[in-house]
>>> print(open('query_5.pdb').read())   # PDB, C-alpha atoms and all ligand atoms
ATOM      1  CA  MET A   1      15.766   4.124   0.995
ATOM      2  CA  ASP A   2      14.371   5.287  -2.307
ATOM      3  CA  SER A   3      12.309   2.451  -3.735
ATOM      4  CA  SER A   4      11.343   4.545  -6.755
ATOM      5  CA  ALA A   5      14.881   4.928  -8.150
ATOM      6  CA  ALA A   6      15.086   3.742 -11.758
ATOM      7  CA  ALA A   7      16.862   0.417 -11.990
ATOM      8  CA  SER A   8      19.104  -0.444 -14.894
ATOM      9  CA  VAL A   9      17.994  -3.909 -15.949
ATOM     10  CA  SER A  10      18.546  -5.466 -19.351
ATOM     11  CA  ALA A  11      16.293  -8.515 -19.073
ATOM     12  CA  ALA A  12      13.238  -9.677 -17.176
ATOM     13  CA  PRO A  13      13.295 -12.955 -15.238
ATOM     14  CA  ALA A  14      13.223 -15.787 -17.786
ATOM     15  CA  GLY A  15      11.027 -18.880 -18.057
ATOM     16  CA  ALA A  16       8.868 -19.494 -14.991
ATOM     17  CA  GLY A  17      10.715 -16.566 -13.411
ATOM     18  CA  VAL A  18       8.354 -14.197 -15.212
ATOM     19  CA  THR A  19       5.570 -15.391 -12.913
ATOM     20  CA  SER A  20       7.367 -13.673 -10.046
ATOM     21  CA  VAL A  21       6.540 -10.348 -11.697
ATOM     22  CA  ALA A  22       2.814 -11.171 -11.475
ATOM     23  CA  VAL A  23       3.105 -11.740  -7.723
ATOM     24  CA  ALA A  24       5.034  -8.468  -7.369
ATOM     25  CA  MET A  25       2.217  -6.708  -9.266
ATOM     26  CA  ALA A  26      -0.297  -8.006  -6.734
ATOM     27  CA  ARG A  27       1.928  -6.929  -3.822
ATOM     28  CA  ALA A  28       2.398  -3.472  -5.342
ATOM     29  CA  LEU A  29      -1.358  -3.021  -5.725
ATOM     30  CA  GLU A  30      -1.977  -4.223  -2.178
ATOM     31  CA  SER A  31       0.750  -1.998  -0.746
ATOM     32  CA  ALA A  32      -0.951   1.057  -2.280
ATOM     33  CA  ARG A  33      -4.331   0.339  -0.635
ATOM     34  CA  PRO A  34      -5.374   2.308   2.446
ATOM     35  CA  ASP A  35      -6.568  -0.977   4.008
ATOM     36  CA  ARG A  36      -3.458  -2.907   2.988
ATOM     37  CA  MET A  37      -2.655  -6.197   4.682
ATOM     38  CA  PHE A  38       1.100  -5.636   4.387
ATOM     39  CA  HIS A  39       3.497  -3.130   2.922
ATOM     40  CA  ASP A  40       6.127  -4.166   0.411
ATOM     41  CA  PRO A  41       8.041  -0.991  -0.482
ATOM     42  CA  TYR A  42      10.001  -2.759  -3.254
ATOM     43  CA  ALA A  43       7.156  -4.355  -5.207
ATOM     44  CA  GLN A  44       6.343  -1.334  -7.375
ATOM     45  CA  GLY A  45      10.012  -0.916  -8.297
ATOM     46  CA  PHE A  46      10.103  -4.510  -9.549
ATOM     47  CA  VAL A  47       6.960  -3.933 -11.587
ATOM     48  CA  ASP A  48       8.220  -0.685 -13.129
ATOM     49  CA  ALA A  49      11.558  -2.228 -14.065
ATOM     50  CA  ALA A  50       9.956  -5.346 -15.524
ATOM     51  CA  LYS A  51       7.505  -3.422 -17.672
ATOM     52  CA  ASP A  52      10.383  -1.992 -19.700
ATOM     53  CA  VAL A  53      12.019  -5.321 -20.477
ATOM     54  CA  LEU A  54       9.255  -7.926 -20.742
ATOM     55  CA  GLU A  55       8.771  -9.718 -24.047
ATOM     56  CA  PRO A  56       5.875  -8.426 -26.198
ATOM     57  CA  GLY A  57       2.618  -9.936 -24.958
ATOM     58  CA  GLU A  58       3.923 -10.822 -21.512
ATOM     59  CA  TRP A  59       2.617  -7.712 -19.753
ATOM     60  CA  PRO A  60      -1.061  -8.323 -20.663
ATOM     61  CA  SER A  61      -0.615 -11.984 -19.670
ATOM     62  CA  LEU A  62       0.639 -10.975 -16.257
ATOM     63  CA  GLU A  63      -2.131  -8.412 -15.809
ATOM     64  CA  ALA A  64      -4.721 -11.050 -16.700
ATOM     65  CA  TRP A  65      -3.130 -13.417 -14.195
ATOM     66  CA  VAL A  66      -3.201 -10.799 -11.461
ATOM     67  CA  ASP A  67      -6.890 -10.133 -12.128
ATOM     68  CA  LEU A  68      -7.587 -13.786 -11.413
ATOM     69  CA  PHE A  69      -5.217 -14.428  -8.531
ATOM     70  CA  TYR A  70      -4.945 -11.103  -6.690
ATOM     71  CA  SER A  71      -6.835 -12.176  -3.555
ATOM     72  CA  ARG A  72      -5.042 -15.485  -3.340
ATOM     73  CA  GLY A  73      -1.635 -13.851  -3.774
ATOM     74  CA  VAL A  74      -2.073 -11.148  -1.154
ATOM     75  CA  VAL A  75      -3.752 -13.366   1.446
ATOM     76  CA  ARG A  76      -0.881 -15.793   0.973
ATOM     77  CA  THR A  77       1.725 -13.051   1.346
ATOM     78  CA  ARG A  78       0.197 -11.838   4.595
ATOM     79  CA  PHE A  79      -0.145 -15.353   5.998
ATOM     80  CA  ILE A  80       3.464 -16.217   5.187
ATOM     81  CA  ASP A  81       4.761 -12.883   6.519
ATOM     82  CA  ASP A  82       3.221 -13.838   9.858
ATOM     83  CA  TYR A  83       4.516 -17.411   9.564
ATOM     84  CA  VAL A  84       8.110 -16.194   9.037
ATOM     85  CA  CYS A  85       8.003 -13.750  11.957
ATOM     86  CA  GLU A  86       6.500 -16.362  14.278
ATOM     87  CA  ALA A  87       8.961 -19.056  13.206
ATOM     88  CA  VAL A  88      11.948 -16.773  13.775
ATOM     89  CA  ALA A  89      10.606 -15.744  17.183
ATOM     90  CA  ALA A  90      10.200 -19.447  18.030
ATOM     91  CA  GLY A  91      13.880 -20.128  17.294
ATOM     92  CA  CYS A  92      14.148 -20.789  13.548
ATOM     93  CA  ARG A  93      16.989 -18.388  12.883
ATOM     94  CA  GLN A  94      17.545 -19.627   9.327
ATOM     95  CA  VAL A  95      14.866 -18.912   6.722
ATOM     96  CA  VAL A  96      15.032 -20.523   3.275
ATOM     97  CA  ILE A  97      12.701 -19.168   0.601
ATOM     98  CA  LEU A  98      12.390 -21.655  -2.258
ATOM     99  CA  GLY A  99      11.571 -20.115  -5.636
ATOM    100  CA  ALA A 100      11.927 -16.740  -3.940
ATOM    101  CA  GLY A 101      11.189 -14.711  -7.057
ATOM    102  CA  LEU A 102      10.750 -11.045  -6.112
ATOM    103  CA  ASP A 103       9.969 -11.824  -2.467
ATOM    104  CA  ALA A 104      11.534  -8.967  -0.466
ATOM    105  CA  ARG A 105      10.906 -10.369   3.024
ATOM    106  CA  ALA A 106      14.629 -10.286   3.825
ATOM    107  CA  PHE A 107      14.433  -6.514   3.232
ATOM    108  CA  ARG A 108      11.134  -5.691   4.906
ATOM    109  CA  LEU A 109      10.302  -8.076   7.775
ATOM    110  CA  PRO A 110      11.580  -7.273  11.297
ATOM    111  CA  VAL A 111      13.751 -10.390  11.670
ATOM    112  CA  PRO A 112      17.194  -9.065  12.711
ATOM    113  CA  ASP A 113      18.135 -12.458  14.231
ATOM    114  CA  ALA A 114      17.556 -14.417  11.039
ATOM    115  CA  ASP A 115      19.805 -15.473   8.176
ATOM    116  CA  VAL A 116      17.668 -15.575   5.040
ATOM    117  CA  TYR A 117      18.572 -17.710   2.026
ATOM    118  CA  GLU A 118      16.673 -17.153  -1.209
ATOM    119  CA  VAL A 119      16.763 -19.904  -3.836
ATOM    120  CA  ASP A 120      15.872 -19.148  -7.457
ATOM    121  CA  THR A 121      17.386 -19.061 -10.911
ATOM    122  CA  PRO A 122      20.233 -16.756 -12.035
ATOM    123  CA  SER A 123      17.947 -14.704 -14.295
ATOM    124  CA  VAL A 124      15.625 -13.885 -11.392
ATOM    125  CA  PHE A 125      18.498 -12.704  -9.209
ATOM    126  CA  GLY A 126      20.062 -10.750 -12.099
ATOM    127  CA  PHE A 127      16.860  -8.712 -12.318
ATOM    128  CA  LYS A 128      15.981  -8.626  -8.622
ATOM    129  CA  ASP A 129      19.361  -7.564  -7.307
ATOM    130  CA  ALA A 130      19.655  -4.726  -9.849
ATOM    131  CA  VAL A 131      16.287  -3.331  -8.725
ATOM    132  CA  LEU A 132      17.081  -3.714  -5.040
ATOM    133  CA  ALA A 133      20.465  -2.042  -5.507
ATOM    134  CA  ALA A 134      18.860   0.908  -7.330
ATOM    135  CA  ALA A 135      16.424   1.250  -4.426
ATOM    136  CA  GLY A 136      19.288   1.183  -1.909
ATOM    137  CA  ALA A 137      17.666  -1.787  -0.181
ATOM    138  CA  GLN A 138      19.376  -3.071   2.948
ATOM    139  CA  PRO A 139      18.406  -6.362   4.607
ATOM    140  CA  THR A 140      16.250  -6.164   7.702
ATOM    141  CA  ALA A 141      17.363  -9.730   8.356
ATOM    142  CA  ARG A 142      20.820 -10.388   9.834
ATOM    143  CA  SER A 143      21.926 -11.620   6.419
ATOM    144  CA  ARG A 144      20.423 -12.309   3.024
ATOM    145  CA  THR A 145      22.033 -14.738   0.610
ATOM    146  CA  ALA A 146      20.965 -15.314  -2.999
ATOM    147  CA  VAL A 147      21.411 -19.000  -3.867
ATOM    148  CA  ARG A 148      21.372 -19.450  -7.640
ATOM    149  CA  ALA A 149      20.023 -22.927  -8.140
ATOM    150  CA  ASP A 150      17.468 -24.916 -10.096
ATOM    151  CA  LEU A 151      15.228 -26.787  -7.678
ATOM    152  CA  ARG A 152      15.114 -29.685 -10.151
ATOM    153  CA  GLU A 153      18.827 -30.114  -9.558
ATOM    154  CA  ASP A 154      20.919 -30.251  -6.395
ATOM    155  CA  PHE A 155      19.829 -27.094  -4.569
ATOM    156  CA  ALA A 156      20.815 -28.703  -1.243
ATOM    157  CA  ALA A 157      24.484 -28.741  -2.262
ATOM    158  CA  ARG A 158      24.230 -25.098  -3.347
ATOM    159  CA  LEU A 159      22.781 -24.166   0.034
ATOM    160  CA  ALA A 160      25.565 -26.025   1.830
ATOM    161  CA  GLY A 161      28.050 -24.033  -0.240
ATOM    162  CA  HIS A 162      26.602 -20.843   1.270
ATOM    163  CA  ALA A 163      27.136 -21.726   4.946
ATOM    164  CA  PHE A 164      23.573 -22.942   5.479
ATOM    165  CA  ASP A 165      23.690 -25.124   8.609
ATOM    166  CA  PRO A 166      21.225 -28.072   8.703
ATOM    167  CA  ALA A 167      21.845 -28.459  12.442
ATOM    168  CA  ARG A 168      20.045 -25.146  13.100
ATOM    169  CA  PRO A 169      16.218 -25.062  13.016
ATOM    170  CA  THR A 170      15.043 -23.554   9.743
ATOM    171  CA  ALA A 171      11.824 -21.963   8.526
ATOM    172  CA  TRP A 172      11.239 -23.048   4.922
ATOM    173  CA  VAL A 173       8.921 -21.136   2.594
ATOM    174  CA  ALA A 174       7.527 -22.844  -0.516
ATOM    175  CA  GLU A 175       5.233 -20.077  -1.752
ATOM    176  CA  GLY A 176       3.861 -20.372  -5.260
ATOM    177  CA  VAL A 177       6.741 -22.513  -6.473
ATOM    178  CA  LEU A 178       5.911 -26.216  -6.111
ATOM    179  CA  PRO A 179       3.158 -26.051  -8.794
ATOM    180  CA  TYR A 180       5.880 -25.270 -11.351
ATOM    181  CA  LEU A 181       7.461 -28.660 -10.639
ATOM    182  CA  THR A 182       6.170 -32.131 -11.520
ATOM    183  CA  GLY A 183       4.975 -34.365  -8.683
ATOM    184  CA  GLU A 184       8.259 -36.243  -8.671
ATOM    185  CA  GLN A 185      10.328 -33.053  -8.651
ATOM    186  CA  ALA A 186       8.209 -31.494  -5.894
ATOM    187  CA  ARG A 187       8.529 -34.594  -3.683
ATOM    188  CA  LYS A 188      12.287 -34.616  -4.235
ATOM    189  CA  VAL A 189      12.462 -30.959  -3.100
ATOM    190  CA  VAL A 190      10.334 -31.577  -0.002
ATOM    191  CA  GLY A 191      12.333 -34.733   0.749
ATOM    192  CA  ASP A 192      15.571 -32.731   0.625
ATOM    193  CA  VAL A 193      13.971 -30.068   2.835
ATOM    194  CA  GLY A 194      13.203 -32.795   5.392
ATOM    195  CA  ARG A 195      16.770 -34.091   5.325
ATOM    196  CA  LEU A 196      18.061 -30.553   5.931
ATOM    197  CA  SER A 197      15.627 -29.833   8.775
ATOM    198  CA  ALA A 198      16.699 -30.054  12.408
ATOM    199  CA  PRO A 199      13.893 -30.808  14.923
ATOM    200  CA  GLY A 200      11.682 -27.737  15.337
ATOM    201  CA  SER A 201      12.157 -26.652  11.735
ATOM    202  CA  ARG A 202       9.038 -25.465   9.916
ATOM    203  CA  LEU A 203       7.705 -25.530   6.366
ATOM    204  CA  VAL A 204       4.827 -23.660   4.742
ATOM    205  CA  PHE A 205       3.191 -24.543   1.435
ATOM    206  CA  GLU A 206      -0.183 -24.198  -0.268
ATOM    207  CA  HIS A 207      -2.398 -27.231  -0.810
ATOM    208  CA  SER A 208      -5.392 -27.967  -3.000
ATOM    209  CA  ASP A 209      -7.426 -31.154  -2.850
ATOM    210  CA  LYS A 210      -7.966 -30.884  -6.590
ATOM    211  CA  ALA A 211      -5.642 -32.540  -9.076
ATOM    212  CA  GLY A 212      -3.393 -30.284 -11.110
ATOM    213  CA  PRO A 213      -4.168 -26.604 -11.488
ATOM    214  CA  ASP A 214      -7.431 -25.682  -9.730
ATOM    215  CA  PRO A 215     -10.017 -26.519 -12.451
ATOM    216  CA  ARG A 216     -12.052 -23.360 -11.820
ATOM    217  CA  ALA A 217      -8.922 -21.242 -11.915
ATOM    218  CA  LYS A 218      -7.778 -23.058 -15.034
ATOM    219  CA  ASP A 219     -11.105 -22.454 -16.785
ATOM    220  CA  ALA A 220     -10.933 -18.797 -15.846
ATOM    221  CA  ALA A 221      -7.329 -18.560 -16.999
ATOM    222  CA  LEU A 222      -8.077 -20.195 -20.307
ATOM    223  CA  SER A 223     -10.998 -17.863 -20.958
ATOM    224  CA  THR A 224      -8.946 -14.799 -20.017
ATOM    225  CA  PRO A 225      -6.845 -13.662 -22.978
ATOM    226  CA  GLY A 226      -3.163 -14.064 -22.177
ATOM    227  CA  ALA A 227      -3.460 -15.729 -18.762
ATOM    228  CA  ASP A 228      -3.171 -19.150 -20.366
ATOM    229  CA  ARG A 229       0.497 -18.350 -21.133
ATOM    230  CA  ILE A 230       1.150 -18.437 -17.404
ATOM    231  CA  SER A 231      -1.132 -21.417 -16.718
ATOM    232  CA  ALA A 232       0.787 -23.413 -19.319
ATOM    233  CA  MET A 233       3.885 -23.339 -17.077
ATOM    234  CA  VAL A 234       2.103 -25.092 -14.187
ATOM    235  CA  ARG A 235       3.110 -28.740 -13.768
ATOM    236  CA  GLY A 236       0.949 -29.608 -10.727
ATOM    237  CA  GLY A 237       3.410 -29.877  -7.830
ATOM    238  CA  LEU A 238       2.655 -32.146  -4.884
ATOM    239  CA  GLY A 239      -0.926 -32.744  -6.095
ATOM    240  CA  PRO A 240      -4.020 -33.641  -4.072
ATOM    241  CA  GLU A 241      -2.210 -36.293  -2.001
ATOM    242  CA  GLY A 242       0.636 -33.893  -1.246
ATOM    243  CA  ARG A 243      -0.540 -32.760   2.170
ATOM    244  CA  ASP A 244      -0.933 -36.312   3.494
ATOM    245  CA  TRP A 245       2.327 -37.357   1.870
ATOM    246  CA  VAL A 246       4.192 -34.540   3.674
ATOM    247  CA  ALA A 247       2.603 -35.681   6.963
ATOM    248  CA  SER A 248       4.051 -39.163   6.338
ATOM    249  CA  GLN A 249       7.565 -37.719   5.954
ATOM    250  CA  GLY A 250       8.179 -36.717   9.576
ATOM    251  CA  TRP A 251       6.204 -33.467   9.704
ATOM    252  CA  SER A 252       3.345 -32.493  12.018
ATOM    253  CA  LEU A 253       0.813 -30.435  10.053
ATOM    254  CA  HIS A 254      -1.442 -27.507  10.842
ATOM    255  CA  VAL A 255      -3.968 -26.616   8.149
ATOM    256  CA  THR A 256      -5.505 -23.161   7.582
ATOM    257  CA  ASP A 257      -8.410 -22.817   5.180
ATOM    258  CA  ARG A 258      -7.740 -20.135   2.559
ATOM    259  CA  GLY A 259     -11.353 -18.955   2.378
ATOM    260  CA  GLU A 260     -11.595 -18.589   6.154
ATOM    261  CA  LEU A 261      -8.312 -16.719   6.202
ATOM    262  CA  GLY A 262      -9.561 -14.230   3.609
ATOM    263  CA  ALA A 263     -12.632 -13.585   5.731
ATOM    264  CA  ARG A 264     -10.475 -13.230   8.870
ATOM    265  CA  TYR A 265      -8.362 -10.606   7.080
ATOM    266  CA  GLY A 266     -11.530  -8.766   6.040
ATOM    267  CA  ARG A 267     -11.135  -9.842   2.404
ATOM    268  CA  PRO A 268     -13.713 -12.517   1.655
ATOM    269  CA  ASP A 269     -13.537 -13.604  -1.982
ATOM    270  CA  LYS A 270     -15.379 -16.420  -3.716
ATOM    271  CA  ARG A 271     -12.138 -17.436  -5.438
ATOM    272  CA  LEU A 272     -10.357 -18.216  -2.151
ATOM    273  CA  PRO A 273     -12.118 -21.395  -0.955
ATOM    274  CA  GLY A 274     -10.784 -24.718  -2.214
ATOM    275  CA  GLY A 275      -7.269 -24.281  -0.935
ATOM    276  CA  GLN A 276      -5.340 -24.415   2.290
ATOM    277  CA  PHE A 277      -2.106 -23.146   3.738
ATOM    278  CA  VAL A 278      -0.210 -25.922   5.439
ATOM    279  CA  THR A 279       2.346 -25.161   8.124
ATOM    280  CA  ALA A 280       4.424 -28.152   9.101
ATOM    281  CA  THR A 281       6.798 -28.656  12.036
ATOM    282  CA  ARG A 282       9.664 -31.157  11.939
ATOM    283  CA  VAL A 283       9.199 -33.859  14.589
TER     284      VAL A 283
HETATM  285  C1  LIG A 301       4.944 -17.529  -8.977
HETATM  286  S1  LIG A 301       6.628 -17.141  -8.657
HETATM  287  C2  LIG A 301       6.575 -17.030  -6.890
HETATM  288  C3  LIG A 301       7.711 -16.226  -6.365
HETATM  289  C4  LIG A 301       7.662 -15.992  -4.836
HETATM  290  N1  LIG A 301       7.748 -17.214  -4.101
HETATM  291  C5  LIG A 301       6.439 -15.222  -4.464
HETATM  292  O1  LIG A 301       5.479 -15.819  -3.962
HETATM  293  O2  LIG A 301       6.424 -14.020  -4.701
HETATM  294  C6  LIG A 301       7.453 -18.710  -8.917
HETATM  295  C7  LIG A 301       8.954 -18.635  -8.709
HETATM  296  O3  LIG A 301       9.471 -19.973  -8.685
HETATM  297  C8  LIG A 301      10.697 -19.987  -9.383
HETATM  298  N2  LIG A 301      10.945 -21.319  -9.899
HETATM  299  C9  LIG A 301      10.105 -22.084 -10.637
HETATM  300  N3  LIG A 301      10.710 -23.241 -10.968
HETATM  301  C10 LIG A 301      11.954 -23.200 -10.397
HETATM  302  C11 LIG A 301      13.037 -24.102 -10.364
HETATM  303  N4  LIG A 301      13.001 -25.274 -11.000
HETATM  304  N5  LIG A 301      14.151 -23.744  -9.684
HETATM  305  C12 LIG A 301      14.227 -22.544  -9.046
HETATM  306  N6  LIG A 301      13.215 -21.657  -9.026
HETATM  307  C13 LIG A 301      12.089 -21.981  -9.709
HETATM  308  C14 LIG A 301      10.500 -19.001 -10.516
HETATM  309  O4  LIG A 301      11.735 -18.571 -11.044
HETATM  310  C15 LIG A 301       9.699 -17.916  -9.818
HETATM  311  O5  LIG A 301      10.533 -16.933  -9.279
END
>>> encode(input="query_5.pdb", output="structure tokens")
Amino acid sequence: MDSSAAASVSAAPAGAGVTSVAVAMARALESARPDRMFHDPYAQGFVDAAKDVLEPGEWPSLEAWVDLFYSRGVVRTRFIDDYVCEAVAAGCRQVVILGAGLDARAFRLPVPDADVYEVDTPSVFGFKDAVLAAAGAQPTARSRTAVRADLREDFAARLAGHAFDPARPTAWVAEGVLPYLTGEQARKVVGDVGRLSAPGSRLVFEHSDKAGPDPRAKDAALSTPGADRISAMVRGGLGPEGRDWVASQGWSLHVTDRGELGARYGRPDKRLPGGQFVTATRV
């Protein structure tokens, strides 16, 4: 595997897809640290390839975003890495990553019993798969399937068209994607997830008790040149009632405080409190 091979890409992920590059930037930085919390050998390749094809002005916007959200992004990555491995070990042999972006878990986590489905837009996969191919990436999962779908439309039908089996317990990942949907769209996605979830299935998502984008984060983003371009794409997702609403939809919840998690990982950061990671199990 040569993750530094130059990829031939003609366009960066479009629309909200560009935000996936920011998360890859955070993962690349983290992976280079001696005290790293995880290692993503593909993240830097995504960043290098994107830098060449981003629209003018996008690169500084993404850098500004990473400055603000680095801790949150890497703590979240580590937490969800562990969540996926534990869920697979507990019998969820299907993993569906919603709004997968440049998530390379299917190529880096030790889950040889799992079939991983990644859902995102065609422009994201056009970019991602070219970079992964140049790096010679091979799945560490049993299989990895790219499902080109818009979550605002019928992603469930697209999944079914790729041999996804709702009778098998599934681990769902909604990492950094629901905020790009309106409340109605996000509830529709989570409702469909519930309908496709056999007993024992799991779901992870991030929750904030504050309405809309975190006000402190929003203030910081708006006062950071360029970062507001990214903030402007946020629609709010499940919102402050989202966690309790999910609990009312046939899920049993476990809540992990983001600030406490940062401290547990040896990375306390004053920007982490105010949010939670919610892991839900289908009852
Ligand atoms: C901030 S990135 C997060 C990517 C990845 N989950 C991670 O944490 O690295 C948001 C991702 O959600 C995807 N996304 C946003 N709205 C979407 C939609 N309506 N349908 C499919 N994907 C969407 C974007 O294309 C982008 O890849």
>>> resolve_selection(input="query_5.pdb", expression="the PyMOL selection byres (((not hetatm)) within 7 of (chain A and resi 301))", output="ChimeraX atom specification")
/A:16-20,23-24,98-103,119-121,124,149-152,174-177,180-181
>>> write_last_selection(input="query_5.pdb", atoms="C-alpha atoms", output="PDB file, in the coordinates of the input")
ATOM      1  CA  ALA A  16       8.868 -19.494 -14.991  1.00  0.00           C
ATOM      2  CA  GLY A  17      10.715 -16.566 -13.411  1.00  0.00           C
ATOM      3  CA  VAL A  18       8.354 -14.197 -15.212  1.00  0.00           C
ATOM      4  CA  THR A  19       5.570 -15.391 -12.913  1.00  0.00           C
ATOM      5  CA  SER A  20       7.367 -13.673 -10.046  1.00  0.00           C
ATOM      6  CA  VAL A  23       3.105 -11.740  -7.723  1.00  0.00           C
ATOM      7  CA  ALA A  24       5.034  -8.468  -7.369  1.00  0.00           C
ATOM      8  CA  LEU A  98      12.390 -21.655  -2.258  1.00  0.00           C
ATOM      9  CA  GLY A  99      11.571 -20.115  -5.636  1.00  0.00           C
ATOM     10  CA  ALA A 100      11.927 -16.740  -3.940  1.00  0.00           C
ATOM     11  CA  GLY A 101      11.189 -14.711  -7.057  1.00  0.00           C
ATOM     12  CA  LEU A 102      10.750 -11.045  -6.112  1.00  0.00           C
ATOM     13  CA  ASP A 103       9.969 -11.824  -2.467  1.00  0.00           C
ATOM     14  CA  VAL A 119      16.763 -19.904  -3.836  1.00  0.00           C
ATOM     15  CA  ASP A 120      15.872 -19.148  -7.457  1.00  0.00           C
ATOM     16  CA  THR A 121      17.386 -19.061 -10.911  1.00  0.00           C
ATOM     17  CA  VAL A 124      15.625 -13.885 -11.392  1.00  0.00           C
ATOM     18  CA  ALA A 149      20.023 -22.927  -8.140  1.00  0.00           C
ATOM     19  CA  ASP A 150      17.468 -24.916 -10.096  1.00  0.00           C
ATOM     20  CA  LEU A 151      15.228 -26.787  -7.678  1.00  0.00           C
ATOM     21  CA  ARG A 152      15.114 -29.685 -10.151  1.00  0.00           C
ATOM     22  CA  ALA A 174       7.527 -22.844  -0.516  1.00  0.00           C
ATOM     23  CA  GLU A 175       5.233 -20.077  -1.752  1.00  0.00           C
ATOM     24  CA  GLY A 176       3.861 -20.372  -5.260  1.00  0.00           C
ATOM     25  CA  VAL A 177       6.741 -22.513  -6.473  1.00  0.00           C
ATOM     26  CA  TYR A 180       5.880 -25.270 -11.351  1.00  0.00           C
ATOM     27  CA  LEU A 181       7.461 -28.660 -10.639  1.00  0.00           C
TER      28      LEU A 181
END
>>> axis_aligned_box(input="query_5.pdb", around="segment 278-282 of chain A", padding_each_side="5 Å", output="lines of an AutoDock Vina configuration file")
center_x = 4.7
center_y = -28.2
center_z = 8.7
size_x = 19.9
size_y = 16.0
size_z = 16.6
>>> closest_residue(input="query_5.pdb", among="A:Ala64, A:Val21, A:Met233, A:Val116", to="Leu178 of chain A", atoms="only C-alpha atoms")
A:Met233
>>> closest_residue(input="query_5.pdb", among="A:Ser31, A:Gln94, A:Ser208, A:Thr256", to="Glu241 of chain A", atoms="all atoms listed in the file")
A:Ser208
>>> resolve_selection(input="query_5.pdb", expression="the PyMOL selection byres (((chain A and resi 205) around 8) and not hetatm)", output="PyMOL selection string")
chain A and resi 173-176+203-204+206-207+277-279
>>> resolve_selection(input="query_5.pdb", expression="the PyMOL selection byres (((chain A and resi 265) around 12) and not hetatm)", output="PDB file with C-alpha atoms, in the frame of the given file")
ATOM      1  CA  ASP A  35      -6.568  -0.977   4.008  1.00  0.00           C
ATOM      2  CA  ARG A  36      -3.458  -2.907   2.988  1.00  0.00           C
ATOM      3  CA  MET A  37      -2.655  -6.197   4.682  1.00  0.00           C
ATOM      4  CA  PHE A  38       1.100  -5.636   4.387  1.00  0.00           C
ATOM      5  CA  SER A  71      -6.835 -12.176  -3.555  1.00  0.00           C
ATOM      6  CA  ARG A  72      -5.042 -15.485  -3.340  1.00  0.00           C
ATOM      7  CA  VAL A  74      -2.073 -11.148  -1.154  1.00  0.00           C
ATOM      8  CA  VAL A  75      -3.752 -13.366   1.446  1.00  0.00           C
ATOM      9  CA  ARG A  76      -0.881 -15.793   0.973  1.00  0.00           C
ATOM     10  CA  THR A  77       1.725 -13.051   1.346  1.00  0.00           C
ATOM     11  CA  ARG A  78       0.197 -11.838   4.595  1.00  0.00           C
ATOM     12  CA  PHE A  79      -0.145 -15.353   5.998  1.00  0.00           C
ATOM     13  CA  ARG A 258      -7.740 -20.135   2.559  1.00  0.00           C
ATOM     14  CA  GLY A 259     -11.353 -18.955   2.378  1.00  0.00           C
ATOM     15  CA  GLU A 260     -11.595 -18.589   6.154  1.00  0.00           C
ATOM     16  CA  LEU A 261      -8.312 -16.719   6.202  1.00  0.00           C
ATOM     17  CA  GLY A 262      -9.561 -14.230   3.609  1.00  0.00           C
ATOM     18  CA  ALA A 263     -12.632 -13.585   5.731  1.00  0.00           C
ATOM     19  CA  ARG A 264     -10.475 -13.230   8.870  1.00  0.00           C
ATOM     20  CA  GLY A 266     -11.530  -8.766   6.040  1.00  0.00           C
ATOM     21  CA  ARG A 267     -11.135  -9.842   2.404  1.00  0.00           C
ATOM     22  CA  PRO A 268     -13.713 -12.517   1.655  1.00  0.00           C
ATOM     23  CA  ASP A 269     -13.537 -13.604  -1.982  1.00  0.00           C
TER      24      ASP A 269
END
>>> closest_residue(input="query_5.pdb", among="A:Val193, A:Val234, A:Ala43, A:Ala141", to="Pro179 of chain A", atoms="all atoms listed in the file")
A:Val234
>>> closest_residue(input="query_5.pdb", among="A:Val88, A:Val190, A:Ala50, A:Val95", to="Lys128 of chain A", atoms="all atoms listed in the file")
A:Ala50
>>> closest_residue(input="query_5.pdb", among="A:Ala186, A:Ala171, A:Leu272, A:Val9", to="Leu238 of chain A", atoms="only C-alpha atoms")
A:Ala186
>>> build_atoms(input="query_5.pdb", residues="segment 97-104 of chain A", atoms="N, CA and C atoms", output="PDB file, in the coordinates of the input")
ATOM      1  N   ILE A  97      13.848 -19.462   1.460  1.00  0.00           N
ATOM      2  CA  ILE A  97      12.701 -19.168   0.601  1.00  0.00           C
ATOM      3  C   ILE A  97      12.956 -19.824  -0.753  1.00  0.00           C
ATOM      4  N   LEU A  98      12.207 -20.881  -1.022  1.00  0.00           N
ATOM      5  CA  LEU A  98      12.390 -21.655  -2.258  1.00  0.00           C
ATOM      6  C   LEU A  98      11.613 -20.988  -3.388  1.00  0.00           C
ATOM      7  N   GLY A  99      12.247 -20.825  -4.548  1.00  0.00           N
ATOM      8  CA  GLY A  99      11.571 -20.115  -5.636  1.00  0.00           C
ATOM      9  C   GLY A  99      11.198 -18.722  -5.169  1.00  0.00           C
ATOM     10  N   ALA A 100      12.193 -18.007  -4.643  1.00  0.00           N
ATOM     11  CA  ALA A 100      11.927 -16.740  -3.940  1.00  0.00           C
ATOM     12  C   ALA A 100      11.360 -15.673  -4.866  1.00  0.00           C
ATOM     13  N   GLY A 101      11.693 -15.746  -6.153  1.00  0.00           N
ATOM     14  CA  GLY A 101      11.189 -14.711  -7.057  1.00  0.00           C
ATOM     15  C   GLY A 101      11.524 -13.324  -6.530  1.00  0.00           C
ATOM     16  N   LEU A 102      10.537 -12.434  -6.519  1.00  0.00           N
ATOM     17  CA  LEU A 102      10.750 -11.045  -6.112  1.00  0.00           C
ATOM     18  C   LEU A 102      10.276 -10.810  -4.679  1.00  0.00           C
ATOM     19  N   ASP A 103      10.255 -11.879  -3.900  1.00  0.00           N
ATOM     20  CA  ASP A 103       9.969 -11.824  -2.467  1.00  0.00           C
ATOM     21  C   ASP A 103      11.033 -10.949  -1.798  1.00  0.00           C
ATOM     22  N   ALA A 104      10.589  -9.891  -1.113  1.00  0.00           N
ATOM     23  CA  ALA A 104      11.534  -8.967  -0.466  1.00  0.00           C
ATOM     24  C   ALA A 104      11.473  -9.079   1.057  1.00  0.00           C
TER      25      ALA A 104
END
